[in-house]
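Here is work01.cif, consisting of mmCIF, C-alpha atoms:
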data_target
#
loop_
_atom_site.group_PDB
_atom_site.id
_atom_site.type_symbol
_atom_site.label_atom_id
_atom_site.label_comp_id
_atom_site.auth_asym_id
_atom_site.auth_seq_id
_atom_site.Cartn_x
_atom_site.Cartn_y
_atom_site.Cartn_z
ATOM 1 C CA MET A 1311 41.048 -6.931 -14.882
ATOM 2 C CA LYS A 1312 37.702 -5.487 -13.791
ATOM 3 C CA GLN A 1313 34.848 -5.532 -16.259
ATOM 4 C CA ILE A 1314 32.692 -2.499 -17.031
ATOM 5 C CA ASP A 1315 29.900 -3.406 -14.560
ATOM 6 C CA GLU A 1316 32.385 -3.922 -11.728
ATOM 7 C CA ARG A 1317 34.056 -0.569 -12.448
ATOM 8 C CA LEU A 1318 30.673 1.143 -12.440
ATOM 9 C CA ARG A 1319 29.762 -0.368 -9.072
ATOM 10 C CA ASP A 1320 33.104 0.695 -7.609
ATOM 11 C CA HIS A 1321 32.754 4.309 -8.790
ATOM 12 C CA TYR A 1322 28.961 4.761 -8.700
ATOM 13 C CA ALA A 1323 28.875 7.005 -5.609
ATOM 14 C CA GLU A 1324 31.427 9.365 -7.207
ATOM 15 C CA LEU A 1325 29.500 9.819 -10.460
ATOM 16 C CA THR A 1326 27.479 12.905 -11.322
ATOM 17 C CA PRO A 1327 23.682 12.437 -11.629
ATOM 18 C CA GLN A 1328 24.009 12.450 -15.444
ATOM 19 C CA GLU A 1329 26.771 9.845 -15.335
ATOM 20 C CA GLN A 1330 24.654 7.730 -12.991
ATOM 21 C CA ARG A 1331 21.898 7.768 -15.605
ATOM 22 C CA VAL A 1332 24.322 6.203 -18.060
ATOM 23 C CA ALA A 1333 25.462 3.693 -15.437
ATOM 24 C CA ASP A 1334 21.873 2.704 -14.636
ATOM 25 C CA PHE A 1335 21.163 2.153 -18.331
ATOM 26 C CA ILE A 1336 24.286 0.009 -18.669
ATOM 27 C CA PHE A 1337 23.319 -2.119 -15.650
ATOM 28 C CA ALA A 1338 19.943 -2.760 -17.271
ATOM 29 C CA SER A 1339 21.295 -3.378 -20.791
ATOM 30 C CA ILE A 1340 24.807 -4.732 -20.411
ATOM 31 C CA ASP A 1341 24.210 -7.678 -22.739
ATOM 32 C CA ASP A 1342 23.446 -5.221 -25.564
ATOM 33 C CA LEU A 1343 26.113 -2.656 -24.716
ATOM 34 C CA MET A 1344 28.560 -3.800 -27.390
ATOM 35 C CA SER A 1345 25.990 -3.066 -30.092
ATOM 36 C CA TYR A 1346 25.765 0.663 -29.218
ATOM 37 C CA ASN A 1347 28.185 3.383 -30.238
ATOM 38 C CA SER A 1348 28.770 6.299 -27.878
ATOM 39 C CA ALA A 1349 26.188 8.533 -29.582
ATOM 40 C CA GLU A 1350 23.525 5.812 -29.310
ATOM 41 C CA LEU A 1351 24.372 5.170 -25.650
ATOM 42 C CA ALA A 1352 24.066 8.912 -24.949
ATOM 43 C CA ARG A 1353 20.693 9.100 -26.698
ATOM 44 C CA LEU A 1354 19.290 6.000 -24.966
ATOM 45 C CA SER A 1355 20.493 7.234 -21.570
ATOM 46 C CA GLY A 1356 19.141 10.741 -22.126
ATOM 47 C CA VAL A 1357 22.496 12.502 -21.695
ATOM 48 C CA SER A 1358 25.037 14.255 -23.910
ATOM 49 C CA LYS A 1359 27.793 12.458 -25.800
ATOM 50 C CA ALA A 1360 30.320 14.459 -23.736
ATOM 51 C CA THR A 1361 28.868 12.931 -20.547
ATOM 52 C CA VAL A 1362 29.410 9.437 -21.941
ATOM 53 C CA SER A 1363 32.996 10.321 -22.857
ATOM 54 C CA ARG A 1364 33.729 11.734 -19.388
ATOM 55 C CA LEU A 1365 32.227 8.680 -17.715
ATOM 56 C CA PHE A 1366 34.412 6.176 -19.531
ATOM 57 C CA LYS A 1367 37.541 8.220 -18.940
ATOM 58 C CA ARG A 1368 36.646 8.320 -15.246
ATOM 59 C CA LEU A 1369 36.397 4.507 -15.324
ATOM 60 C CA GLY A 1370 39.901 4.215 -16.779
ATOM 61 C CA TYR A 1371 39.124 3.745 -20.469
ATOM 62 C CA PRO A 1372 40.920 6.061 -22.932
ATOM 63 C CA SER A 1373 37.737 6.074 -25.007
ATOM 64 C CA TYR A 1374 34.358 4.385 -25.393
ATOM 65 C CA ARG A 1375 35.810 2.360 -28.270
ATOM 66 C CA ASP A 1376 38.478 0.913 -25.954
ATOM 67 C CA MET A 1377 35.730 -0.357 -23.643
ATOM 68 C CA ARG A 1378 33.937 -2.018 -26.580
ATOM 69 C CA ASP A 1379 37.193 -3.583 -27.759
ATOM 70 C CA GLU A 1380 37.767 -4.986 -24.282
ATOM 71 C CA MET A 1381 34.254 -6.446 -24.176
ATOM 72 C CA ARG A 1382 34.721 -7.957 -27.631
ATOM 73 C CA THR A 1383 38.000 -9.579 -26.557
ATOM 74 C CA LEU A 1384 36.367 -11.010 -23.437
ATOM 75 C CA ARG A 1385 33.450 -12.401 -25.422
ATOM 76 C CA GLN A 1386 35.788 -14.005 -27.972
ATOM 77 C CA SER A 1387 37.754 -15.618 -25.139
ATOM 78 C CA GLY A 1388 34.568 -17.193 -23.813
ATOM 79 C CA MET A 1389 34.423 -15.110 -20.621
ATOM 80 C CA PRO A 1390 30.900 -13.984 -19.612
ATOM 81 C CA LEU A 1391 30.336 -10.245 -19.913
ATOM 82 C CA THR A 1392 28.519 -10.028 -16.588
ATOM 83 C CA ASP A 1393 29.825 -11.308 -13.310
ATOM 84 C CA SER A 1394 28.642 -14.471 -11.596
ATOM 85 C CA ARG A 1395 26.101 -12.544 -9.517
ATOM 86 C CA ASP A 1396 24.017 -11.925 -12.637
ATOM 87 C CA ALA A 1397 22.111 -15.169 -12.435
ATOM 88 C CA VAL A 1398 19.604 -14.388 -15.201
ATOM 89 C CA GLN A 1399 21.122 -13.929 -18.668
ATOM 90 C CA GLY A 1400 19.804 -13.002 -22.107
ATOM 91 C CA ASN A 1401 17.292 -10.414 -23.276
ATOM 92 C CA THR A 1402 14.065 -11.974 -22.019
ATOM 93 C CA LEU A 1403 11.528 -10.058 -19.935
ATOM 94 C CA LEU A 1404 12.760 -12.023 -16.906
ATOM 95 C CA SER A 1405 16.402 -11.064 -17.443
ATOM 96 C CA ARG A 1406 15.585 -7.408 -18.158
ATOM 97 C CA HIS A 1407 13.412 -7.280 -15.038
ATOM 98 C CA TYR A 1408 16.206 -8.763 -12.945
ATOM 99 C CA LYS A 1409 18.789 -6.305 -14.250
ATOM 100 C CA GLN A 1410 16.505 -3.313 -13.694
ATOM 101 C CA GLU A 1411 15.800 -4.417 -10.132
ATOM 102 C CA MET A 1412 19.534 -4.756 -9.485
ATOM 103 C CA ALA A 1413 20.147 -1.306 -10.982
ATOM 104 C CA ASN A 1414 17.459 0.210 -8.720
ATOM 105 C CA LEU A 1415 18.996 -1.359 -5.619
ATOM 106 C CA THR A 1416 22.497 -0.280 -6.597
ATOM 107 C CA GLN A 1417 21.366 3.293 -7.182
ATOM 108 C CA TRP A 1418 19.645 3.927 -3.849
ATOM 109 C CA ILE A 1419 22.209 2.089 -1.736
ATOM 110 C CA ASN A 1420 25.107 4.038 -3.246
ATOM 111 C CA GLN A 1421 23.364 7.351 -2.661
ATOM 112 C CA ILE A 1422 22.918 6.912 1.109
ATOM 113 C CA ASP A 1423 25.043 9.282 3.188
ATOM 114 C CA GLY A 1424 26.286 7.310 6.195
ATOM 115 C CA VAL A 1425 26.420 10.282 8.548
ATOM 116 C CA GLN A 1426 22.919 11.477 7.672
ATOM 117 C CA PHE A 1427 21.559 7.935 7.887
ATOM 118 C CA GLY A 1428 23.080 7.533 11.351
ATOM 119 C CA ALA A 1429 21.466 10.795 12.496
ATOM 120 C CA LEU A 1430 18.102 9.620 11.143
ATOM 121 C CA ILE A 1431 18.245 6.289 12.981
ATOM 122 C CA ALA A 1432 19.252 8.064 16.205
ATOM 123 C CA ALA A 1433 16.256 10.387 15.818
ATOM 124 C CA LEU A 1434 13.902 7.433 15.252
ATOM 125 C CA SER A 1435 15.188 5.763 18.396
ATOM 126 C CA GLN A 1436 14.848 8.883 20.565
ATOM 127 C CA ALA A 1437 11.550 10.283 19.235
ATOM 128 C CA ARG A 1438 8.581 10.535 21.568
ATOM 129 C CA GLN A 1439 6.446 9.002 18.822
ATOM 130 C CA VAL A 1440 6.830 8.048 15.155
ATOM 131 C CA ARG A 1441 4.010 8.737 12.723
ATOM 132 C CA LEU A 1442 3.833 7.287 9.219
ATOM 133 C CA LEU A 1443 1.936 8.756 6.306
ATOM 134 C CA GLY A 1444 1.424 7.418 2.799
ATOM 135 C CA PHE A 1445 -1.257 7.711 0.135
ATOM 136 C CA ARG A 1446 -2.188 5.602 -2.901
ATOM 137 C CA ASN A 1447 0.723 3.322 -3.951
ATOM 138 C CA SER A 1448 2.820 4.669 -1.085
ATOM 139 C CA TYR A 1449 0.385 3.382 1.536
ATOM 140 C CA PRO A 1450 1.441 -0.308 1.408
ATOM 141 C CA VAL A 1451 5.095 0.695 1.837
ATOM 142 C CA ALA A 1452 4.266 2.935 4.799
ATOM 143 C CA LEU A 1453 2.036 0.279 6.364
ATOM 144 C CA HIS A 1454 4.720 -2.405 5.997
ATOM 145 C CA LEU A 1455 7.365 -0.101 7.478
ATOM 146 C CA ARG A 1456 5.080 0.662 10.430
ATOM 147 C CA GLN A 1457 4.567 -3.068 11.018
ATOM 148 C CA GLN A 1458 8.329 -3.569 11.211
ATOM 149 C CA LEU A 1459 9.157 -0.514 13.331
ATOM 150 C CA ILE A 1460 6.475 -1.310 15.912
ATOM 151 C CA GLN A 1461 8.301 -4.569 16.614
ATOM 152 C CA VAL A 1462 11.247 -2.488 17.844
ATOM 153 C CA ARG A 1463 9.752 0.507 19.674
ATOM 154 C CA THR A 1464 6.522 1.933 21.058
ATOM 155 C CA GLY A 1465 4.469 4.809 19.682
ATOM 156 C CA VAL A 1466 4.577 3.938 15.978
ATOM 157 C CA MET A 1467 1.285 4.742 14.258
ATOM 158 C CA MET A 1468 -0.174 5.359 10.816
ATOM 159 C CA MET A 1469 -1.987 8.621 10.162
ATOM 160 C CA PRO A 1470 -4.667 9.557 9.508
ATOM 161 C CA GLN A 1471 -6.848 6.828 10.950
ATOM 162 C CA PRO A 1472 -9.327 5.280 8.456
ATOM 163 C CA GLY A 1473 -12.031 7.730 7.455
ATOM 164 C CA GLN A 1474 -10.438 10.637 9.297
ATOM 165 C CA THR A 1475 -8.680 13.849 8.237
ATOM 166 C CA LEU A 1476 -5.113 14.924 8.898
ATOM 167 C CA ALA A 1477 -5.621 18.071 10.970
ATOM 168 C CA GLU A 1478 -6.486 16.149 14.152
ATOM 169 C CA GLU A 1479 -3.355 14.043 13.720
ATOM 170 C CA LEU A 1480 -0.961 16.907 13.002
ATOM 171 C CA VAL A 1481 -2.048 19.270 15.764
ATOM 172 C CA ASP A 1482 -0.327 17.370 18.589
ATOM 173 C CA LEU A 1483 3.010 16.750 16.822
ATOM 174 C CA THR A 1484 6.105 18.493 18.193
ATOM 175 C CA VAL A 1485 9.859 18.702 17.628
ATOM 176 C CA GLN A 1486 10.133 15.596 19.824
ATOM 177 C CA ASP A 1487 8.372 13.452 17.209
ATOM 178 C CA VAL A 1488 9.380 12.102 13.802
ATOM 179 C CA VAL A 1489 7.087 11.788 10.790
ATOM 180 C CA ILE A 1490 7.942 9.335 8.014
ATOM 181 C CA PHE A 1491 6.161 10.487 4.852
ATOM 182 C CA VAL A 1492 6.225 7.909 2.043
ATOM 183 C CA ALA A 1493 5.373 9.995 -1.014
ATOM 184 C CA PHE A 1494 6.066 8.242 -4.292
ATOM 185 C CA ARG A 1495 4.878 9.632 -7.608
ATOM 186 C CA ARG A 1496 1.218 10.053 -8.518
ATOM 187 C CA ARG A 1497 0.904 11.383 -4.972
ATOM 188 C CA PRO A 1498 -1.972 13.681 -3.953
ATOM 189 C CA ARG A 1499 -1.558 17.421 -4.520
ATOM 190 C CA MET A 1500 -1.660 17.944 -0.743
ATOM 191 C CA ALA A 1501 1.779 16.308 -0.240
ATOM 192 C CA LYS A 1502 3.661 19.600 -0.556
ATOM 193 C CA ALA A 1503 1.216 21.402 1.746
ATOM 194 C CA VAL A 1504 1.597 18.706 4.412
ATOM 195 C CA LEU A 1505 5.391 18.872 4.275
ATOM 196 C CA THR A 1506 5.305 22.661 4.422
ATOM 197 C CA GLN A 1507 3.047 22.563 7.481
ATOM 198 C CA LEU A 1508 5.290 20.041 9.256
ATOM 199 C CA GLN A 1509 8.330 22.191 8.477
ATOM 200 C CA THR A 1510 6.568 25.250 9.894
ATOM 201 C CA MET A 1511 5.750 23.292 13.074
ATOM 202 C CA GLY A 1512 9.391 22.194 13.386
ATOM 203 C CA VAL A 1513 8.503 18.487 13.220
ATOM 204 C CA PRO A 1514 11.420 16.370 11.905
ATOM 205 C CA VAL A 1515 10.416 14.546 8.724
ATOM 206 C CA LEU A 1516 11.892 11.630 6.805
ATOM 207 C CA LEU A 1517 10.710 11.813 3.195
ATOM 208 C CA ILE A 1518 10.834 8.564 1.215
ATOM 209 C CA CYS A 1519 10.299 9.293 -2.462
ATOM 210 C CA GLU A 1520 11.589 8.662 -5.986
ATOM 211 C CA PRO A 1521 14.800 10.502 -7.028
ATOM 212 C CA GLN A 1522 12.873 12.872 -9.310
ATOM 213 C CA ALA A 1523 10.827 14.429 -6.444
ATOM 214 C CA GLN A 1524 13.202 17.389 -6.232
ATOM 215 C CA THR A 1525 10.572 19.978 -5.240
ATOM 216 C CA LEU A 1526 9.670 18.037 -2.073
ATOM 217 C CA ILE A 1527 13.159 17.170 -0.827
ATOM 218 C CA PRO A 1528 14.020 20.661 0.595
ATOM 219 C CA LEU A 1529 10.907 20.455 2.805
ATOM 220 C CA ALA A 1530 12.158 17.367 4.681
ATOM 221 C CA THR A 1531 14.775 16.943 7.410
ATOM 222 C CA TRP A 1532 16.095 13.764 5.779
ATOM 223 C CA HIS A 1533 15.207 12.066 2.530
ATOM 224 C CA LEU A 1534 15.808 8.629 1.069
ATOM 225 C CA ALA A 1535 15.169 8.167 -2.645
ATOM 226 C CA ALA A 1536 14.213 4.740 -3.986
ATOM 227 C CA PRO A 1537 13.986 4.383 -7.800
ATOM 228 C CA LEU A 1538 10.754 2.924 -9.163
ATOM 229 C CA ASP A 1539 12.114 2.187 -12.652
ATOM 230 C CA SER A 1540 10.641 -0.837 -14.403
ATOM 231 C CA VAL A 1541 11.002 -2.530 -17.769
ATOM 232 C CA SER A 1542 7.273 -2.181 -18.431
ATOM 233 C CA ALA A 1543 4.239 -0.077 -17.560
ATOM 234 C CA PHE A 1544 4.059 -0.562 -13.800
ATOM 235 C CA ASP A 1545 6.412 0.955 -11.251
ATOM 236 C CA SER A 1546 8.505 -1.413 -9.143
ATOM 237 C CA TYR A 1547 8.462 -0.971 -5.368
ATOM 238 C CA SER A 1548 11.012 -3.647 -4.505
ATOM 239 C CA SER A 1549 13.719 -1.074 -3.733
ATOM 240 C CA ALA A 1550 11.242 0.789 -1.495
ATOM 241 C CA MET A 1551 10.513 -2.417 0.428
ATOM 242 C CA SER A 1552 14.245 -3.111 0.684
ATOM 243 C CA LEU A 1553 14.697 0.382 2.097
ATOM 244 C CA ALA A 1554 11.961 -0.315 4.672
ATOM 245 C CA ASN A 1555 13.824 -3.456 5.681
ATOM 246 C CA LEU A 1556 17.080 -1.519 6.094
ATOM 247 C CA LEU A 1557 15.428 1.149 8.257
ATOM 248 C CA SER A 1558 13.825 -1.479 10.493
ATOM 249 C CA ASN A 1559 17.021 -3.479 10.935
ATOM 250 C CA ALA A 1560 19.103 -0.347 11.544
ATOM 251 C CA LEU A 1561 16.677 0.804 14.236
ATOM 252 C CA LEU A 1562 16.773 -2.639 15.873
ATOM 253 C CA HIS A 1563 20.578 -2.490 16.007
ATOM 254 C CA GLU A 1564 20.374 1.028 17.474
ATOM 255 C CA MET A 1565 17.920 -0.128 20.171
ATOM 256 C CA LEU A 1566 19.201 -3.668 20.491
ATOM 257 C CA THR A 1567 18.540 -4.331 24.188
ATOM 258 C CA SER A 1568 15.057 -2.800 24.411
ATOM 259 C CA GLY A 1569 14.220 -3.895 20.871
ATOM 260 C CA ARG A 1570 15.010 -7.548 21.550
ATOM 261 C CA GLN A 1571 13.022 -7.432 24.782
ATOM 262 C CA ARG A 1572 10.017 -5.974 22.947
ATOM 263 C CA ILE A 1573 10.224 -8.622 20.211
ATOM 264 C CA HIS A 1574 10.240 -11.371 22.851
ATOM 265 C CA GLN A 1575 7.257 -9.791 24.623
ATOM 266 C CA ILE A 1576 5.304 -9.626 21.365
ATOM 267 C CA SER A 1577 6.218 -13.239 20.591
ATOM 268 C CA ASP A 1578 4.974 -14.328 24.020
ATOM 269 C CA LEU A 1579 1.672 -12.543 23.387
ATOM 270 C CA TYR A 1580 1.337 -14.314 20.025
ATOM 271 C CA ASN A 1581 1.542 -17.579 21.927
ATOM 272 C CA ASP A 1582 -0.755 -16.501 24.762
ATOM 273 C CA LEU A 1583 -3.439 -15.367 22.314
ATOM 274 C CA ASP A 1584 -2.797 -18.287 19.914
ATOM 275 C CA GLU A 1585 -2.801 -15.762 17.059
ATOM 276 C CA LEU A 1586 -0.291 -17.358 14.689
ATOM 277 C CA GLU A 1587 0.354 -20.831 13.350
ATOM 278 C CA GLN A 1588 3.275 -22.619 14.938
ATOM 279 C CA ARG A 1589 6.102 -23.186 12.501
#
Represent the supplied structure as structure tokens.
Amino acid sequence: MKQIDERLRDHYAELTPQEQRVADFIFASIDDLMSYNSAELARLSGVSKATVSRLFKRLGYPSYRDMRDEMRTLRQSGMPLTDSRDAVQGNTLLSRHYKQEMANLTQWINQIDGVQFGALIAALSQARQVRLLGFRNSYPVALHLRQQLIQVRTGVMMMPQPGQTLAEELVDLTVQDVVIFVAFRRRPRMAKAVLTQLQTMGVPVLLICEPQAQTLIPLATWHLAAPLDSVSAFDSYSSAMSLANLLSNALLHEMLTSGRQRIHQISDLYNDLDELEQR
């Protein structure tokens, strides 16, 4: 018999955005779930009580109470309420951090459309050049992604260059290029203007943002949303870095022959220039 967290993982992609909010809260708070009634779960998740009811019926429970009864029976039998992959238990800051990170990863992975993702990777492999853009907290993610992509293909650059403005960088872009704009929240006001200008120029754009950036998403050719939710004051960028890793690996698999050759060439240059410590 599948437990509540397993059922949620199995059905996550089919859930409505409101139901996913409940699921994300449950992933982060499963140890405390038995202590909430349906009204409290709705309030804590920021949804209606009807949404909670629909969710549990979709998961195969006649009612929310039936789910709590099942959890109570499992606990009384000595069975853990989370599966063996949940290595950190309890209600400590460490365990809550772990569960929130897992919920973030689950959310963005389940929301990826395979067909659209395939089209994006094909575009990255065929583009004349790839330009990356990111400001403030988005800059480290963009810089890391550039460092990975340049291992696989040529023509991958950050813009603008230090101390410069964007106009000189944008003027030469065409429909043959791809811009990756990492634009997480507390972004500059100019983000929308930049996306609008790129759309006007016909330049394909991958927007990497948080799920709540709904006003920016229509301005991009593709978008990938990575949650930044955290148990405390500071946003978490681990899901964004995981997304960067996925993009880099997917592009390498798309360009396997030339990508491997480029990696070997770069490795040879490391040795020739004695740039890195030998492992």
Using only C-alpha atoms, which residues sit within 9 Å of Thr1464 (chain A) once same-chain residues fewer than 5 positions away are excluded, as a PyMOL selection string? chain A and resi 1438-1440+1459+1572
For the atom pair CA of Leu1516 (chain A) and CA of Ala1333 (chain A), what is the interatomic distance in Å to one decimal place?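 Atom-to-atom, CA of Leu1516 (chain A) and CA of Ala1333 (chain A) are spaced 27.2 Å apart.
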List the neighbours of Leu1505 (chain A) out to 12 Å using all atoms listed in the file; skip same-chain residues closer than 5 positions along the sequence, and give me the result as a list of chain:residue names.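 My reading of the contact set: A:Leu1443, A:Leu1480, A:Val1489, A:Ile1490, A:Phe1491, A:Val1492, A:Ala1493, A:Arg1499, A:Met1500, A:Thr1510, A:Met1511, A:Gly1512, A:Val1513, A:Pro1514, A:Val1515, A:Leu1516, A:Leu1517, A:Thr1525, A:Leu1526, A:Ile1527, A:Pro1528, A:Leu1529, A:Ala1530, A:Thr1531, A:Trp1532.
With the shown file loaded, the PyMOL selection byres ((chain A and resi 1368) around 12) picks out A:Ile1314, A:Arg1317, A:Leu1318, A:Asp1320, A:His1321, A:Tyr1322, A:Glu1324, A:Leu1325, A:Thr1326, A:Glu1329, A:Thr1361, A:Val1362, A:Ser1363, A:Arg1364, A:Leu1365, A:Phe1366, A:Lys1367, A:Leu1369, A:Gly1370, A:Tyr1371, A:Pro1372, A:Ser1373, A:Tyr1374.
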Any chance you can output those residues with C-alpha atoms as a PDB file, keeping the file's coordinate frame?
ATOM      1  CA  ILE A1314      32.692  -2.499 -17.031  1.00  0.00           C
ATOM      2  CA  ARG A1317      34.056  -0.569 -12.448  1.00  0.00           C
ATOM      3  CA  LEU A1318      30.673   1.143 -12.440  1.00  0.00           C
ATOM      4  CA  ASP A1320      33.104   0.695  -7.609  1.00  0.00           C
ATOM      5  CA  HIS A1321      32.754   4.309  -8.790  1.00  0.00           C
ATOM      6  CA  TYR A1322      28.961   4.761  -8.700  1.00  0.00           C
ATOM      7  CA  GLU A1324      31.427   9.365  -7.207  1.00  0.00           C
ATOM      8  CA  LEU A1325      29.500   9.819 -10.460  1.00  0.00           C
ATOM      9  CA  THR A1326      27.479  12.905 -11.322  1.00  0.00           C
ATOM     10  CA  GLU A1329      26.771   9.845 -15.335  1.00  0.00           C
ATOM     11  CA  THR A1361      28.868  12.931 -20.547  1.00  0.00           C
ATOM     12  CA  VAL A1362      29.410   9.437 -21.941  1.00  0.00           C
ATOM     13  CA  SER A1363      32.996  10.321 -22.857  1.00  0.00           C
ATOM     14  CA  ARG A1364      33.729  11.734 -19.388  1.00  0.00           C
ATOM     15  CA  LEU A1365      32.227   8.680 -17.715  1.00  0.00           C
ATOM     16  CA  PHE A1366      34.412   6.176 -19.531  1.00  0.00           C
ATOM     17  CA  LYS A1367      37.541   8.220 -18.940  1.00  0.00           C
ATOM     18  CA  LEU A1369      36.397   4.507 -15.324  1.00  0.00           C
ATOM     19  CA  GLY A1370      39.901   4.215 -16.779  1.00  0.00           C
ATOM     20  CA  TYR A1371      39.124   3.745 -20.469  1.00  0.00           C
ATOM     21  CA  PRO A1372      40.920   6.061 -22.932  1.00  0.00           C
ATOM     22  CA  SER A1373      37.737   6.074 -25.007  1.00  0.00           C
ATOM     23  CA  TYR A1374      34.358   4.385 -25.393  1.00  0.00           C
TER      24      TYR A1374
END
Separation of CA of Gly1465 (chain A) and CA of Pro1498 (chain A), in Å? 26.1 Å
Written as JSON, numbers by chain, what is the full residue list that the PyMOL selection byres ((chain A and resi 1538) around 10) yields on the file shown? {"A": [1410, 1411, 1414, 1415, 1494, 1495, 1519, 1520, 1521, 1535, 1536, 1537, 1539, 1540, 1544, 1545, 1546, 1547, 1548, 1549, 1550]}
Expected file: the selected residues, C-alpha atoms, as a PDB file, keeping the file's coordinate frame:
ATOM      1  CA  GLN A1410      16.505  -3.313 -13.694  1.00  0.00           C
ATOM      2  CA  GLU A1411      15.800  -4.417 -10.132  1.00  0.00           C
ATOM      3  CA  ASN A1414      17.459   0.210  -8.720  1.00  0.00           C
ATOM      4  CA  LEU A1415      18.996  -1.359  -5.619  1.00  0.00           C
ATOM      5  CA  PHE A1494       6.066   8.242  -4.292  1.00  0.00           C
ATOM      6  CA  ARG A1495       4.878   9.632  -7.608  1.00  0.00           C
ATOM      7  CA  CYS A1519      10.299   9.293  -2.462  1.00  0.00           C
ATOM      8  CA  GLU A1520      11.589   8.662  -5.986  1.00  0.00           C
ATOM      9  CA  PRO A1521      14.800  10.502  -7.028  1.00  0.00           C
ATOM     10  CA  ALA A1535      15.169   8.167  -2.645  1.00  0.00           C
ATOM     11  CA  ALA A1536      14.213   4.740  -3.986  1.00  0.00           C
ATOM     12  CA  PRO A1537      13.986   4.383  -7.800  1.00  0.00           C
ATOM     13  CA  ASP A1539      12.114   2.187 -12.652  1.00  0.00           C
ATOM     14  CA  SER A1540      10.641  -0.837 -14.403  1.00  0.00           C
ATOM     15  CA  PHE A1544       4.059  -0.562 -13.800  1.00  0.00           C
ATOM     16  CA  ASP A1545       6.412   0.955 -11.251  1.00  0.00           C
ATOM     17  CA  SER A1546       8.505  -1.413  -9.143  1.00  0.00           C
ATOM     18  CA  TYR A1547       8.462  -0.971  -5.368  1.00  0.00           C
ATOM     19  CA  SER A1548      11.012  -3.647  -4.505  1.00  0.00           C
ATOM     20  CA  SER A1549      13.719  -1.074  -3.733  1.00  0.00           C
ATOM     21  CA  ALA A1550      11.242   0.789  -1.495  1.00  0.00           C
TER      22      ALA A1550
END
Just how far from CA of Leu1553 (chain A) is CA of Gln1436 (chain A), in Å to one decimal?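 Those two atoms sit 20.3 Å apart.
Counting all atoms listed in the file and comparing A:Ala1503, A:Ile1340, A:Ile1460, A:Leu1579, the residue that lies closest to Leu1561 (chain A) is A:Ile1460.
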Using all atoms listed in the file, the shortest atom-to-atom distance to Ala1433 (chain A) among A:Ile1518, A:Val1485, A:Val1451, A:Leu1583 belongs to A:Val1485
Reference answer for the PyMOL selection byres ((chain A and resi 1432) around 12), as a list in words: Val1425, Gln1426, Phe1427, Gly1428, Ala1429, Leu1430, Ile1431, Ala1433, Leu1434, Ser1435, Gln1436, Ala1437, Val1488, Leu1557, Ala1560, Leu1561, Leu1562, His1563, Glu1564 and Met1565 of chain A
Of the listed residues A:Met1377, A:Ile1336, A:Met1551, A:Val1541, that which approaches Arg1319 (chain A) most closely, counting all atoms listed in the file: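 Nearest to Arg1319 (chain A): A:Ile1336.
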Which one is closest to Gly1424 (chain A): A:Leu1534, A:Leu1442, A:Met1469, A:Val1481? Count all atoms listed in the file.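 Residue with the minimum atom-to-atom distance to Gly1424 (chain A): A:Leu1534.
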Which residues are close to Gln1571 (chain A), i.e. within 9 Å by all atoms listed in the file, leaving aside same-chain residues fewer than 5 positions away? Reply as a list in words.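 The contact residues come out as Val1462, Leu1566 and Ile1576 of chain A.
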Using all atoms listed in the file, can you tell me which of A:Trp1418, A:Arg1375, A:Leu1354, A:Ala1554 comes closest to His1454 (chain A)?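 Of the candidates, the smallest distance to His1454 (chain A) is held by A:Ala1554.
Using all atoms listed in the file, the set of residues no farther than 7 Å from the position (-4.1, 8.7, -4.9) comprises Phe1445, Arg1446, Arg1496, Arg1497 and Pro1498 of chain A.
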From A:Gln1509, A:Gln1524, A:Gln1461, A:Ser1542, residue lying nearest Gln1575 (chain A) [only C-alpha atoms]: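 Comparing A:Gln1509, A:Gln1524, A:Gln1461, A:Ser1542 against Gln1575 (chain A), the winner is A:Gln1461.
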Can you rebuild region 1408-1413 of chain A with N, CA, C and O atoms and give it as a short mmCIF file (atom, residue, chain, number, x, y, z; two decimals), in the coordinates of the input?
data_model
loop_
_atom_site.label_atom_id
_atom_site.label_comp_id
_atom_site.auth_asym_id
_atom_site.auth_seq_id
_atom_site.Cartn_x
_atom_site.Cartn_y
_atom_site.Cartn_z
N TYR A 1408 15.17 -8.51 -13.96
CA TYR A 1408 16.21 -8.76 -12.94
C TYR A 1408 17.26 -7.65 -12.96
O TYR A 1408 17.63 -7.10 -11.91
N LYS A 1409 17.73 -7.31 -14.14
CA LYS A 1409 18.79 -6.30 -14.25
C LYS A 1409 18.29 -4.93 -13.81
O LYS A 1409 19.04 -4.16 -13.18
N GLN A 1410 17.04 -4.60 -14.13
CA GLN A 1410 16.50 -3.31 -13.69
C GLN A 1410 16.36 -3.26 -12.18
O GLN A 1410 16.66 -2.23 -11.54
N GLU A 1411 15.91 -4.37 -11.59
CA GLU A 1411 15.80 -4.42 -10.13
C GLU A 1411 17.17 -4.23 -9.48
O GLU A 1411 17.31 -3.50 -8.48
N MET A 1412 18.19 -4.89 -10.02
CA MET A 1412 19.53 -4.76 -9.48
C MET A 1412 20.04 -3.33 -9.63
O MET A 1412 20.69 -2.78 -8.73
N ALA A 1413 19.73 -2.69 -10.77
CA ALA A 1413 20.15 -1.31 -10.98
C ALA A 1413 19.46 -0.38 -9.98
O ALA A 1413 20.09 0.54 -9.44
#
